[in-house]
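Asks: What follows is query-v5.pdb; its format and atoms are PDB, C-alpha atoms.
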```pdb
ATOM      1  CA  MET A1326     -15.489  30.811  21.987
ATOM      2  CA  ARG A1327     -18.275  28.431  22.983
ATOM      3  CA  ARG A1328     -19.915  28.925  19.647
ATOM      4  CA  LEU A1329     -16.703  28.006  17.908
ATOM      5  CA  LEU A1330     -16.431  24.763  19.898
ATOM      6  CA  PHE A1331     -19.911  23.911  18.735
ATOM      7  CA  ILE A1332     -19.294  24.680  15.090
ATOM      8  CA  ALA A1333     -15.816  23.120  14.819
ATOM      9  CA  PRO A1334     -16.922  19.444  14.920
ATOM     10  CA  ILE A1335     -19.644  20.137  12.370
ATOM     11  CA  LEU A1336     -17.151  21.846  10.074
ATOM     12  CA  ALA A1337     -14.652  19.013  10.548
ATOM     13  CA  PHE A1338     -17.383  16.504   9.702
ATOM     14  CA  ALA A1339     -18.320  18.452   6.573
ATOM     15  CA  VAL A1340     -14.670  18.466   5.470
ATOM     16  CA  LEU A1341     -14.437  14.688   6.045
ATOM     17  CA  ILE A1342     -17.565  14.115   3.957
ATOM     18  CA  GLY A1343     -15.997  16.232   1.210
ATOM     19  CA  VAL A1344     -12.791  14.187   1.321
ATOM     20  CA  PHE A1345     -14.633  10.868   1.217
ATOM     21  CA  PHE A1346     -16.932  12.035  -1.557
ATOM     22  CA  ALA A1347     -13.965  13.092  -3.675
ATOM     23  CA  GLY A1348     -12.354   9.728  -2.885
ATOM     24  CA  LEU A1349     -15.364   7.875  -4.305
ATOM     25  CA  HIS A1350     -14.491   9.079  -7.788
ATOM     26  CA  ARG A1351     -10.831   8.181  -7.674
ATOM     27  CA  ASP A1352      -9.539   5.067  -9.390
ATOM     28  CA  PRO A1353      -7.970   2.885  -6.677
ATOM     29  CA  THR A1354      -5.713   1.135  -9.209
ATOM     30  CA  LEU A1355      -3.830   4.364  -9.917
ATOM     31  CA  LEU A1356      -1.113   4.058  -7.311
ATOM     32  CA  PRO A1357       1.688   6.596  -7.091
ATOM     33  CA  SER A1358       4.918   5.283  -8.601
ATOM     34  CA  MET A1359       8.037   5.105  -6.461
ATOM     35  CA  MET A1360      10.143   5.363  -9.603
ATOM     36  CA  ILE A1361       9.399   8.959 -10.633
ATOM     37  CA  GLY A1362      12.665  10.891 -10.967
ATOM     38  CA  LYS A1363      14.774   7.760 -10.465
ATOM     39  CA  ARG A1364      16.991   5.988 -12.932
ATOM     40  CA  VAL A1365      15.644   2.813 -14.467
ATOM     41  CA  PRO A1366      16.914  -0.192 -12.442
ATOM     42  CA  THR A1367      19.658  -2.202 -14.115
ATOM     43  CA  PHE A1368      18.360  -5.017 -16.285
ATOM     44  CA  ASP A1369      19.475  -7.091 -19.231
ATOM     45  CA  LEU A1370      16.576  -8.892 -20.875
ATOM     46  CA  ALA A1371      16.754 -11.736 -23.369
ATOM     47  CA  ALA A1372      15.443 -11.287 -26.889
ATOM     48  CA  VAL A1373      11.806 -11.801 -27.823
ATOM     49  CA  ARG A1374      12.436 -11.685 -31.592
ATOM     50  CA  PRO A1375      14.669 -14.639 -32.490
ATOM     51  CA  GLY A1376      18.242 -13.545 -33.236
ATOM     52  CA  ASP A1377      17.573 -10.081 -31.785
ATOM     53  CA  GLN A1378      19.528  -8.385 -28.998
ATOM     54  CA  GLY A1379      16.839  -7.975 -26.309
ATOM     55  CA  LEU A1380      16.680  -4.906 -24.107
ATOM     56  CA  ARG A1381      19.186  -3.503 -21.602
ATOM     57  CA  THR A1382      19.143  -0.483 -19.279
ATOM     58  CA  GLY A1383      21.854   1.064 -21.468
ATOM     59  CA  ASP A1384      19.407   1.131 -24.409
ATOM     60  CA  LEU A1385      17.281   3.701 -22.565
ATOM     61  CA  GLY A1386      18.117   7.382 -22.562
ATOM     62  CA  GLY A1387      19.596   9.603 -25.226
ATOM     63  CA  GLU A1388      16.124  10.599 -26.387
ATOM     64  CA  PRO A1389      12.846  10.389 -24.471
ATOM     65  CA  VAL A1390      11.219   6.976 -25.025
ATOM     66  CA  LEU A1391       8.193   5.004 -23.961
ATOM     67  CA  LEU A1392       8.856   1.749 -22.118
ATOM     68  CA  ASN A1393       5.788  -0.419 -22.599
ATOM     69  CA  TYR A1394       5.081  -3.585 -20.575
ATOM     70  CA  TYR A1395       2.893  -6.077 -22.393
ATOM     71  CA  ALA A1396       2.132  -9.797 -22.378
ATOM     72  CA  SER A1397       0.547 -12.186 -24.846
ATOM     73  CA  TRP A1398      -1.957 -13.284 -22.140
ATOM     74  CA  CYS A1399      -3.055  -9.713 -21.484
ATOM     75  CA  VAL A1400      -6.486  -8.727 -22.774
ATOM     76  CA  ALA A1401      -6.142  -4.970 -22.243
ATOM     77  CA  CYS A1402      -2.903  -5.088 -24.279
ATOM     78  CA  ARG A1403      -4.973  -6.114 -27.319
ATOM     79  CA  ALA A1404      -7.004  -2.958 -26.949
ATOM     80  CA  GLU A1405      -3.847  -0.902 -26.579
ATOM     81  CA  HIS A1406      -1.925  -2.444 -29.464
ATOM     82  CA  PRO A1407      -3.399  -0.397 -32.368
ATOM     83  CA  MET A1408      -2.535   2.776 -30.426
ATOM     84  CA  LEU A1409       1.097   1.652 -30.077
ATOM     85  CA  MET A1410       1.211   0.840 -33.810
ATOM     86  CA  ARG A1411      -0.111   4.309 -34.604
ATOM     87  CA  LEU A1412       2.435   6.002 -32.332
ATOM     88  CA  ARG A1413       5.215   3.966 -33.907
ATOM     89  CA  ALA A1414       4.052   5.076 -37.376
ATOM     90  CA  GLU A1415       4.165   8.659 -36.134
ATOM     91  CA  GLY A1416       7.798   8.140 -35.131
ATOM     92  CA  VAL A1417       7.385   7.868 -31.340
ATOM     93  CA  PRO A1418      10.206   5.656 -29.997
ATOM     94  CA  ILE A1419       8.818   2.733 -27.975
ATOM     95  CA  HIS A1420      10.703  -0.092 -26.279
ATOM     96  CA  GLY A1421       8.814  -3.160 -25.120
ATOM     97  CA  VAL A1422       9.054  -5.601 -22.240
ATOM     98  CA  ASP A1423       7.240  -8.917 -22.610
ATOM     99  CA  TRP A1424       6.278  -9.410 -18.955
ATOM    100  CA  LYS A1425       5.760 -12.792 -17.240
ATOM    101  CA  ASP A1426       5.428 -14.437 -20.618
ATOM    102  CA  GLU A1427       7.155 -17.005 -22.808
ATOM    103  CA  PRO A1428       9.379 -15.280 -25.398
ATOM    104  CA  GLU A1429       7.839 -17.446 -28.157
ATOM    105  CA  ALA A1430       4.358 -16.242 -27.214
ATOM    106  CA  GLY A1431       5.606 -12.669 -27.017
ATOM    107  CA  ASN A1432       7.151 -12.989 -30.457
ATOM    108  CA  LYS A1433       4.022 -14.562 -31.958
ATOM    109  CA  TRP A1434       2.086 -11.580 -30.613
ATOM    110  CA  LEU A1435       4.374  -9.218 -32.557
ATOM    111  CA  ILE A1436       4.121 -11.295 -35.735
ATOM    112  CA  ASP A1437       0.320 -11.565 -35.540
ATOM    113  CA  ARG A1438      -0.466  -7.982 -34.557
ATOM    114  CA  GLY A1439       2.468  -5.946 -35.776
ATOM    115  CA  ASP A1440       5.619  -4.866 -34.025
ATOM    116  CA  PRO A1441       5.610  -1.347 -32.552
ATOM    117  CA  TYR A1442       8.901  -1.694 -30.662
ATOM    118  CA  LEU A1443      12.431  -0.493 -31.374
ATOM    119  CA  ARG A1444      13.803  -3.032 -28.952
ATOM    120  CA  VAL A1445      11.953  -5.609 -26.947
ATOM    121  CA  GLY A1446      13.085  -7.877 -24.123
ATOM    122  CA  ASN A1447      11.517 -10.833 -22.340
ATOM    123  CA  ASP A1448      10.998 -10.620 -18.578
ATOM    124  CA  ARG A1449       9.828 -14.155 -17.948
ATOM    125  CA  SER A1450      10.169 -14.089 -14.151
ATOM    126  CA  GLY A1451       8.615 -10.627 -13.987
ATOM    127  CA  ARG A1452      11.434  -9.376 -11.759
ATOM    128  CA  THR A1453      12.371  -6.404 -13.936
ATOM    129  CA  GLY A1454       8.768  -5.282 -13.823
ATOM    130  CA  ILE A1455       8.636  -5.747 -10.062
ATOM    131  CA  ASP A1456      11.798  -3.612  -9.724
ATOM    132  CA  MET A1457       9.891  -0.883 -11.579
ATOM    133  CA  GLY A1458       6.804  -1.316  -9.415
ATOM    134  CA  VAL A1459       4.686  -2.797 -12.199
ATOM    135  CA  SER A1460       1.396  -4.131 -10.865
ATOM    136  CA  GLY A1461       0.006  -5.471 -14.128
ATOM    137  CA  VAL A1462       0.030  -5.070 -17.890
ATOM    138  CA  PRO A1463      -0.235  -2.937 -19.904
ATOM    139  CA  GLU A1464       1.821  -0.350 -18.110
ATOM    140  CA  THR A1465       3.960   2.326 -19.741
ATOM    141  CA  PHE A1466       6.805   4.418 -18.383
ATOM    142  CA  ILE A1467       8.167   7.601 -19.936
ATOM    143  CA  ILE A1468      11.960   7.628 -19.778
ATOM    144  CA  ASP A1469      13.813  10.928 -20.247
ATOM    145  CA  LYS A1470      17.134  11.641 -21.959
ATOM    146  CA  GLN A1471      19.051  10.843 -18.782
ATOM    147  CA  GLY A1472      17.415   7.417 -18.467
ATOM    148  CA  ARG A1473      15.197   8.496 -15.571
ATOM    149  CA  VAL A1474      11.539   7.553 -15.141
ATOM    150  CA  ARG A1475       9.359  10.640 -15.493
ATOM    151  CA  TYR A1476       5.841   9.222 -15.696
ATOM    152  CA  ARG A1477       4.012   5.958 -15.190
ATOM    153  CA  HIS A1478       0.823   5.139 -17.032
ATOM    154  CA  VAL A1479      -1.313   2.256 -15.730
ATOM    155  CA  GLY A1480      -3.550   0.470 -18.228
ATOM    156  CA  ALA A1481      -3.965   0.838 -21.955
ATOM    157  CA  ILE A1482      -2.976   4.171 -23.500
ATOM    158  CA  THR A1483      -6.069   5.794 -24.952
ATOM    159  CA  GLU A1484      -6.290   8.601 -27.495
ATOM    160  CA  GLU A1485      -7.083  10.975 -24.643
ATOM    161  CA  ASP A1486      -4.131   9.795 -22.525
ATOM    162  CA  TRP A1487      -1.819  10.458 -25.434
ATOM    163  CA  SER A1488      -3.166  13.886 -26.405
ATOM    164  CA  GLN A1489      -3.641  15.142 -22.829
ATOM    165  CA  LYS A1490      -0.701  13.750 -20.876
ATOM    166  CA  ILE A1491       1.804  11.465 -22.555
ATOM    167  CA  GLY A1492       2.261  13.315 -25.863
ATOM    168  CA  PRO A1493       2.761  16.776 -24.290
ATOM    169  CA  LEU A1494       5.198  15.336 -21.727
ATOM    170  CA  MET A1495       7.213  13.649 -24.498
ATOM    171  CA  GLN A1496       7.377  17.022 -26.301
ATOM    172  CA  ARG A1497       8.609  18.743 -23.137
ATOM    173  CA  LEU A1498      11.218  16.057 -22.461
ATOM    174  CA  LYS A1499      12.512  16.431 -26.020
ATOM    175  CA  ALA A1500      13.185  20.098 -25.304
ATOM    176  CA  GLU A1501      15.131  19.247 -22.130
ATOM    177  CA  SER A1502      18.896  19.062 -22.388
TER     178      SER A1502
ATOM    179  CA  MET B 735     -31.715 -27.619  16.000
ATOM    180  CA  ARG B 736     -29.324 -26.722  18.776
ATOM    181  CA  ARG B 737     -27.087 -29.627  17.844
ATOM    182  CA  ILE B 738     -26.979 -28.523  14.209
ATOM    183  CA  LEU B 739     -26.094 -24.992  15.275
ATOM    184  CA  SER B 740     -23.307 -26.055  17.589
ATOM    185  CA  THR B 741     -21.881 -28.398  14.943
ATOM    186  CA  ALA B 742     -21.948 -25.579  12.415
ATOM    187  CA  ALA B 743     -20.203 -23.258  14.882
ATOM    188  CA  ALA B 744     -17.532 -25.874  15.595
ATOM    189  CA  LEU B 745     -16.919 -26.373  11.870
ATOM    190  CA  ALA B 746     -16.717 -22.607  11.314
ATOM    191  CA  LEU B 747     -14.057 -22.372  14.042
ATOM    192  CA  LEU B 748     -12.067 -25.156  12.392
ATOM    193  CA  ALA B 749     -12.015 -23.364   9.052
ATOM    194  CA  GLY B 750      -9.732 -20.509  10.128
ATOM    195  CA  SER B 751      -8.180 -18.353   7.440
ATOM    196  CA  ALA B 752      -7.066 -19.979   4.227
ATOM    197  CA  ALA B 753      -3.658 -18.778   3.069
ATOM    198  CA  ALA B 754      -2.753 -18.911  -0.593
ATOM    199  CA  VAL B 755       0.839 -19.918   0.127
ATOM    200  CA  GLU B 756       1.771 -23.033  -1.807
ATOM    201  CA  PRO B 757       4.112 -25.695  -0.441
ATOM    202  CA  ASP B 758       6.805 -25.104  -3.066
ATOM    203  CA  GLU B 759       7.129 -21.472  -1.995
ATOM    204  CA  GLN B 760       7.867 -22.204   1.636
ATOM    205  CA  LEU B 761      11.300 -21.954   3.193
ATOM    206  CA  ARG B 762      12.858 -25.116   4.635
ATOM    207  CA  ASP B 763      13.795 -23.411   7.902
ATOM    208  CA  PRO B 764      10.553 -23.246   9.946
ATOM    209  CA  LYS B 765      11.775 -20.176  11.867
ATOM    210  CA  LEU B 766      12.455 -18.202   8.672
ATOM    211  CA  GLU B 767       9.205 -19.448   7.146
ATOM    212  CA  ALA B 768       7.307 -18.250  10.214
ATOM    213  CA  ARG B 769       8.884 -14.799   9.896
ATOM    214  CA  ALA B 770       8.108 -14.625   6.181
ATOM    215  CA  HIS B 771       4.555 -15.813   6.828
ATOM    216  CA  SER B 772       3.855 -13.199   9.477
ATOM    217  CA  LEU B 773       5.387 -10.420   7.344
ATOM    218  CA  SER B 774       3.386 -11.413   4.284
ATOM    219  CA  ARG B 775       0.151 -11.138   6.255
ATOM    220  CA  ASP B 776       0.824  -7.415   6.685
ATOM    221  CA  LEU B 777       1.748  -6.767   3.050
ATOM    222  CA  ARG B 778      -0.971  -5.710   0.670
ATOM    223  CA  CYS B 779      -1.395  -7.324  -2.716
ATOM    224  CA  VAL B 780      -1.244  -4.562  -5.353
ATOM    225  CA  VAL B 781      -3.551  -6.461  -7.723
ATOM    226  CA  CYS B 782      -6.449  -7.345  -5.396
ATOM    227  CA  GLN B 783      -5.946  -4.465  -3.088
ATOM    228  CA  ASN B 784      -7.805  -5.504   0.026
ATOM    229  CA  GLN B 785      -6.063  -8.834   0.419
ATOM    230  CA  SER B 786      -2.653  -9.475   1.890
ATOM    231  CA  ILE B 787      -0.114 -11.198  -0.339
ATOM    232  CA  ASP B 788      -0.475 -14.122   2.068
ATOM    233  CA  ASP B 789      -4.155 -14.506   1.152
ATOM    234  CA  SER B 790      -4.065 -13.577  -2.503
ATOM    235  CA  ASP B 791      -3.978 -16.036  -5.380
ATOM    236  CA  ALA B 792      -2.784 -13.351  -7.814
ATOM    237  CA  ALA B 793       0.368 -14.271  -9.729
ATOM    238  CA  LEU B 794       2.056 -11.048  -8.638
ATOM    239  CA  ALA B 795       1.269 -11.793  -4.985
ATOM    240  CA  ARG B 796       2.969 -15.153  -5.417
ATOM    241  CA  ASP B 797       6.031 -13.417  -6.908
ATOM    242  CA  LEU B 798       6.150 -10.994  -3.993
ATOM    243  CA  ARG B 799       5.860 -13.857  -1.463
ATOM    244  CA  ILE B 800       8.793 -15.568  -3.151
ATOM    245  CA  ILE B 801      10.847 -12.351  -3.221
ATOM    246  CA  LEU B 802      10.090 -11.766   0.469
ATOM    247  CA  ARG B 803      11.318 -15.270   1.288
ATOM    248  CA  GLU B 804      14.434 -14.767  -0.825
ATOM    249  CA  ARG B 805      15.269 -11.600   1.079
ATOM    250  CA  ILE B 806      14.758 -13.322   4.423
ATOM    251  CA  ALA B 807      16.782 -16.362   3.387
ATOM    252  CA  ALA B 808      19.545 -13.960   2.268
ATOM    253  CA  GLY B 809      19.730 -12.591   5.823
ATOM    254  CA  ASP B 810      17.545  -9.467   5.632
ATOM    255  CA  THR B 811      15.928  -8.269   8.841
ATOM    256  CA  ASP B 812      12.127  -7.963   8.835
ATOM    257  CA  ASP B 813      12.425  -4.203   8.293
ATOM    258  CA  GLN B 814      14.877  -4.604   5.419
ATOM    259  CA  ALA B 815      12.697  -7.189   3.681
ATOM    260  CA  VAL B 816       9.622  -4.948   3.933
ATOM    261  CA  ALA B 817      11.670  -1.901   2.844
ATOM    262  CA  PHE B 818      12.667  -3.802  -0.305
ATOM    263  CA  LEU B 819       9.029  -4.033  -1.377
ATOM    264  CA  VAL B 820       8.128  -0.539  -0.143
ATOM    265  CA  ALA B 821      10.943   0.861  -2.340
ATOM    266  CA  ARG B 822       9.149  -0.610  -5.361
ATOM    267  CA  TYR B 823       5.460  -0.300  -4.569
ATOM    268  CA  GLY B 824       5.372   2.465  -1.950
ATOM    269  CA  SER B 825       4.055   2.245   1.582
ATOM    270  CA  PHE B 826       0.693   1.406   0.021
ATOM    271  CA  VAL B 827       1.770  -2.233   0.376
ATOM    272  CA  GLN B 828       1.890  -1.920   4.155
ATOM    273  CA  LEU B 829      -1.484  -2.935   5.532
ATOM    274  CA  LYS B 830      -0.430  -1.262   8.804
ATOM    275  CA  PRO B 831       0.763   2.159   7.644
ATOM    276  CA  PRO B 832       3.887   3.477   9.403
ATOM    277  CA  ILE B 833       3.632   6.613  11.548
ATOM    278  CA  ARG B 834       5.031   9.376   9.333
ATOM    279  CA  GLY B 835       4.391  13.033   8.591
ATOM    280  CA  ASP B 836       1.777  12.242   5.960
ATOM    281  CA  THR B 837       0.043   9.549   8.029
ATOM    282  CA  LEU B 838      -0.313  11.591  11.255
ATOM    283  CA  ALA B 839      -3.894  12.564  10.380
ATOM    284  CA  LEU B 840      -4.687   8.897   9.753
ATOM    285  CA  TRP B 841      -3.294   7.734  13.087
ATOM    286  CA  PHE B 842      -4.275  10.607  15.356
ATOM    287  CA  GLY B 843      -7.237  12.175  13.518
ATOM    288  CA  PRO B 844      -9.858  10.123  15.371
ATOM    289  CA  LEU B 845      -8.235  11.016  18.727
ATOM    290  CA  ALA B 846      -8.259  14.702  17.746
ATOM    291  CA  VAL B 847     -11.958  14.463  16.831
ATOM    292  CA  LEU B 848     -12.699  12.764  20.174
ATOM    293  CA  LEU B 849     -10.802  15.450  22.128
ATOM    294  CA  LEU B 850     -12.486  18.246  20.193
ATOM    295  CA  GLY B 851     -15.928  16.746  20.687
ATOM    296  CA  GLY B 852     -15.190  15.999  24.372
ATOM    297  CA  ALA B 853     -14.044  19.570  24.982
ATOM    298  CA  GLY B 854     -17.146  20.911  23.268
ATOM    299  CA  ALA B 855     -19.410  18.639  25.296
ATOM    300  CA  ALA B 856     -17.603  19.564  28.557
ATOM    301  CA  VAL B 857     -17.988  23.289  27.933
ATOM    302  CA  TYR B 858     -21.657  22.822  27.040
ATOM    303  CA  ILE B 859     -22.489  20.687  30.081
ATOM    304  CA  ARG B 860     -20.632  22.948  32.512
ATOM    305  CA  GLY B 861     -22.253  26.070  31.177
ATOM    306  CA  ARG B 862     -25.733  24.643  31.654
ATOM    307  CA  SER B 863     -27.401  25.920  34.910
ATOM    308  CA  PRO B 864     -29.256  23.199  36.807
ATOM    309  CA  ALA B 865     -33.009  23.342  36.301
ATOM    310  CA  LYS B 866     -34.871  24.927  39.273
ATOM    311  CA  ALA B 867     -37.301  22.645  41.007
ATOM    312  CA  ALA B 868     -40.855  23.913  40.727
ATOM    313  CA  ALA B 869     -42.385  25.103  44.015
ATOM    314  CA  LEU B 870     -45.153  23.024  45.552
ATOM    315  CA  THR B 871     -48.724  24.099  45.104
ATOM    316  CA  VAL B 872     -50.903  24.989  48.136
ATOM    317  CA  SER B 873     -52.714  21.651  48.056
ATOM    318  CA  GLU B 874     -49.404  19.767  47.814
ATOM    319  CA  GLU B 875     -48.061  21.733  50.815
ATOM    320  CA  ALA B 876     -51.136  20.741  52.822
ATOM    321  CA  GLU B 877     -50.763  17.101  51.829
ATOM    322  CA  LEU B 878     -47.098  17.145  52.809
ATOM    323  CA  ALA B 879     -47.838  18.702  56.198
ATOM    324  CA  GLU B 880     -50.469  16.086  56.836
ATOM    325  CA  LEU B 881     -48.122  13.235  55.944
ATOM    326  CA  LEU B 882     -45.379  14.602  58.193
ATOM    327  CA  GLU B 883     -47.798  15.023  61.067
ATOM    328  CA  ARG B 884     -49.065  11.473  60.681
ATOM    329  CA  ASP B 885     -45.476  10.234  60.690
ATOM    330  CA  GLU B 886     -44.670  12.090  63.911
ATOM    331  CA  ALA B 887     -47.784  10.871  65.613
ATOM    332  CA  ARG B 888     -46.803   7.210  65.112
TER     333      ARG B 888
END
```
In structure tokens, what does this structure look like?
Replies:
Amino acid sequence: MRRLLFIAPILAFAVLIGVFFAGLHRDPTLLPSMMIGKRVPTFDLAAVRPGDQGLRTGDLGGEPVLLNYYASWCVACRAEHPMLMRLRAEGVPIHGVDWKDEPEAGNKWLIDRGDPYLRVGNDRSGRTGIDMGVSGVPETFIIDKQGRVRYRHVGAITEEDWSQKIGPLMQRLKAES
Amino acid sequence: MRRILSTAAALALLAGSAAAVEPDEQLRDPKLEARAHSLSRDLRCVVCQNQSIDDSDAALARDLRIILRERIAAGDTDDQAVAFLVARYGSFVQLKPPIRGDTLALWFGPLAVLLLGGAGAAVYIRGRSPAKAAALTVSEEAELAELLERDEAR
């Protein structure tokens, strides 16, 4: 019994060190999303492409889609853009939200770099993004057939992100009823 | 030198904490503004994570300050206004985490460690037998007897 009392604090300390050491290698920007499993909040965004219809909550669902937040002022979005273009060419449905940006700038971005989006809306005030818990751009949500958020990806989508996590999840969601 | 030091100290006291709140964000009603201000000091900015939204210059922090003030102006209680942001960004935004099932270890862990360590120390100290005093040597005995005798003789 006395031995145990002696060893317990040392063990507890060792466990704490383990926890903190593991914590050192975690990315602090990867916060858990509050949206997982919930329906996308209601929004109705103005068009980015002139004469286009913008993006509404009702446009999501039916088939699993990616909802990608971007902005013309966003540097990491430049790195991500070729990946989105590739996915679009492969037939992956992607909707876009031009976040905290002027629609003209968002449209120029699409003209200059290519347009990977089925539909794209402008969220100038950023409120739609805030309702989704967006903390910056680029950020991508996976929306299932029911219009619920199933996954949140923070930062640019890399080849590895697609092949390891996002692609397989999209495949699984396609199989869901 | 002393004068320079005391002047520097006085200036440092004057500086206080610089909030990032801009005049156009503030509510007209000073009471509501004071509530919003004190709430925003306890809400974490999700961009620059170790600053409150009150301190942060990040654009998103500014948006969240404005939303917080909108909620308060619309008649939300303090709890409701904070809950609005927690529903979107999680309780990560609360610089003072609430006491919940998953934060018990955070709140009471240090106390548990103190109790555990205290109990261990108590058992150890109690179980220790007091050290026996060494007996006096023959010469020390003689010296002692002599001292006592001298004392009595006085």
Asks: Compute the chain B side of the contact with chain A at 6 Å, counting all atoms listed in the file, and hand it back as number ranges by chain.
Replies: B: 822-824, 854
Asks: For atom CA of A:Gly1379 and atom CA of B:Val820, determine how far apart the two atoms are, in Å to one decimal place.
Replies: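 So the two atoms, atom CA of A:Gly1379 and atom CA of B:Val820, lie 28.6 Å apart.
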Asks: Could you pull out every residue with an atom within 12 Å of (18.6, -5.0, -21.6), file coordinates, counting all atoms listed in the file, and send them as a tab-separated table (two decimals) with C-alpha atoms, in the frame of the given file?
Replies:
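The resulting out.tsv:
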```
chain	number	residue	atom	x	y	z
A	1365	VAL	CA	15.64	2.81	-14.47
A	1366	PRO	CA	16.91	-0.19	-12.44
A	1367	THR	CA	19.66	-2.20	-14.12
A	1368	PHE	CA	18.36	-5.02	-16.28
A	1369	ASP	CA	19.48	-7.09	-19.23
A	1370	LEU	CA	16.58	-8.89	-20.88
A	1371	ALA	CA	16.75	-11.74	-23.37
A	1372	ALA	CA	15.44	-11.29	-26.89
A	1373	VAL	CA	11.81	-11.80	-27.82
A	1377	ASP	CA	17.57	-10.08	-31.78
A	1378	GLN	CA	19.53	-8.38	-29.00
A	1379	GLY	CA	16.84	-7.98	-26.31
A	1380	LEU	CA	16.68	-4.91	-24.11
A	1381	ARG	CA	19.19	-3.50	-21.60
A	1382	THR	CA	19.14	-0.48	-19.28
A	1383	GLY	CA	21.85	1.06	-21.47
A	1384	ASP	CA	19.41	1.13	-24.41
A	1385	LEU	CA	17.28	3.70	-22.56
A	1392	LEU	CA	8.86	1.75	-22.12
A	1420	HIS	CA	10.70	-0.09	-26.28
A	1421	GLY	CA	8.81	-3.16	-25.12
A	1422	VAL	CA	9.05	-5.60	-22.24
A	1444	ARG	CA	13.80	-3.03	-28.95
A	1445	VAL	CA	11.95	-5.61	-26.95
A	1446	GLY	CA	13.08	-7.88	-24.12
A	1447	ASN	CA	11.52	-10.83	-22.34
A	1448	ASP	CA	11.00	-10.62	-18.58
A	1453	THR	CA	12.37	-6.40	-13.94
```
Asks: Around the point (-6.8, -8.5, -4.1) in the file's coordinates, collect all residues with an atom within 12 Å, using only C-alpha atoms, and return them as a list in words.
Replies: Pro1353, Thr1354 and Ser1460 of chain A; Ala754, Leu777, Arg778, Cys779, Val780, Val781, Cys782, Gln783, Asn784, Gln785, Ser786, Ile787, Asp788, Asp789, Ser790, Asp791, Ala792, Ala793, Leu794, Ala795, Arg796 and Val827 of chain B
Asks: Once the PyMOL selection byres ((chain A and resi 1364) around 6) has been evaluated on this model, what residues remain selected, and can you format them as a list in words?
Replies: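 That selection, the PyMOL selection byres ((chain A and resi 1364) around 6), comes back as Lys1363, Val1365, Gly1472 and Arg1473 of chain A.
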Asks: For C-alpha atoms, I'd like the residues from the last selection saved as a compact mmCIF listing (two decimals), in the coordinates of the input.
Replies:
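File produced: selection_27.txt:
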```txt
# COMPACT_ATOMS: atom_id res chain seq x y z
CA LYS A 1363 14.77 7.76 -10.46
CA VAL A 1365 15.64 2.81 -14.47
CA GLY A 1472 17.42 7.42 -18.47
CA ARG A 1473 15.20 8.50 -15.57
```
Asks: Any idea what the distance is between atom CA of A:Thr1465 and atom CA of A:Asn1393?
Replies: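 Distance between the two atoms: 4.4 Å.
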Asks: Skip A:Leu1341 itself and residues of its chain fewer than 3 positions away, then list as a PyMOL selection string all residues within 12 Å of it, counting all atoms listed in the file.
Replies: (chain A and resi 1334-1338+1344-1348) or (chain B and resi 839-840+843-844+847)
Asks: One decimal, Å: what's the distance from atom CA of B:Leu848 over to atom CA of B:Lys830, could you say?
Replies: 21.8 Å
Asks: Please define a box with edges along x, y and z of the file around all atoms of stretch 1380-1390 of chain A given in the file, extend it by 5 Å on each side, and return its centre and edge lengths in Å to one decimal, as JSON.
Replies:
```
{"center_x": 16.5, "center_y": 2.8, "center_z": -22.8, "size_x": 20.6, "size_y": 25.5, "size_z": 17.1}
```
Asks: What do you get, as a ChimeraX atom specification, if you spell out every residue that the PyMOL selection byres ((chain A and resi 1480) around 7) selects here?
Replies: /A:1462-1464,1478-1479,1481-1482
Asks: Mind writing the picked residues with C-alpha atoms as an mmCIF file, in the frame of the given file?
Replies:
```
data_model
loop_
_atom_site.group_PDB
_atom_site.id
_atom_site.type_symbol
_atom_site.label_atom_id
_atom_site.label_comp_id
_atom_site.auth_asym_id
_atom_site.auth_seq_id
_atom_site.Cartn_x
_atom_site.Cartn_y
_atom_site.Cartn_z
ATOM 1 C CA VAL A 1462 0.030 -5.070 -17.890
ATOM 2 C CA PRO A 1463 -0.235 -2.937 -19.904
ATOM 3 C CA GLU A 1464 1.821 -0.350 -18.110
ATOM 4 C CA HIS A 1478 0.823 5.139 -17.032
ATOM 5 C CA VAL A 1479 -1.313 2.256 -15.730
ATOM 6 C CA ALA A 1481 -3.965 0.838 -21.955
ATOM 7 C CA ILE A 1482 -2.976 4.171 -23.500
#
```
Asks: Taking all atoms listed in the file into account, name the residue in A:Tyr1442, A:His1350, A:Glu1484, A:Arg1497 that is nearest to A:Val1417.
Replies: A:Tyr1442
Asks: Can you spell out as a list in words the set of residues that the PyMOL selection byres ((chain B and resi 762-771) around 10) selects in the structure I just provided?
Replies: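 After applying the PyMOL selection byres ((chain B and resi 762-771) around 10), what remains is Ala753, Val755, Asp758, Glu759, Gln760, Leu761, Ser772, Leu773, Ser774, Arg775, Asp776, Ile787, Asp788, Arg799, Ile800, Leu802, Arg803, Glu804, Arg805, Ile806, Ala807, Gly809, Thr811, Asp812 and Ala815 of chain B.
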Asks: Using all atoms listed in the file, which residues sit within 12 Å of stretch 1433-1440 of chain A once same-chain residues fewer than 5 positions away are excluded, as an MDAnalysis selection string?
Replies: chainID A and resid 1373:1375 1395:1400 1402:1414 1419:1423 1426:1428 1445
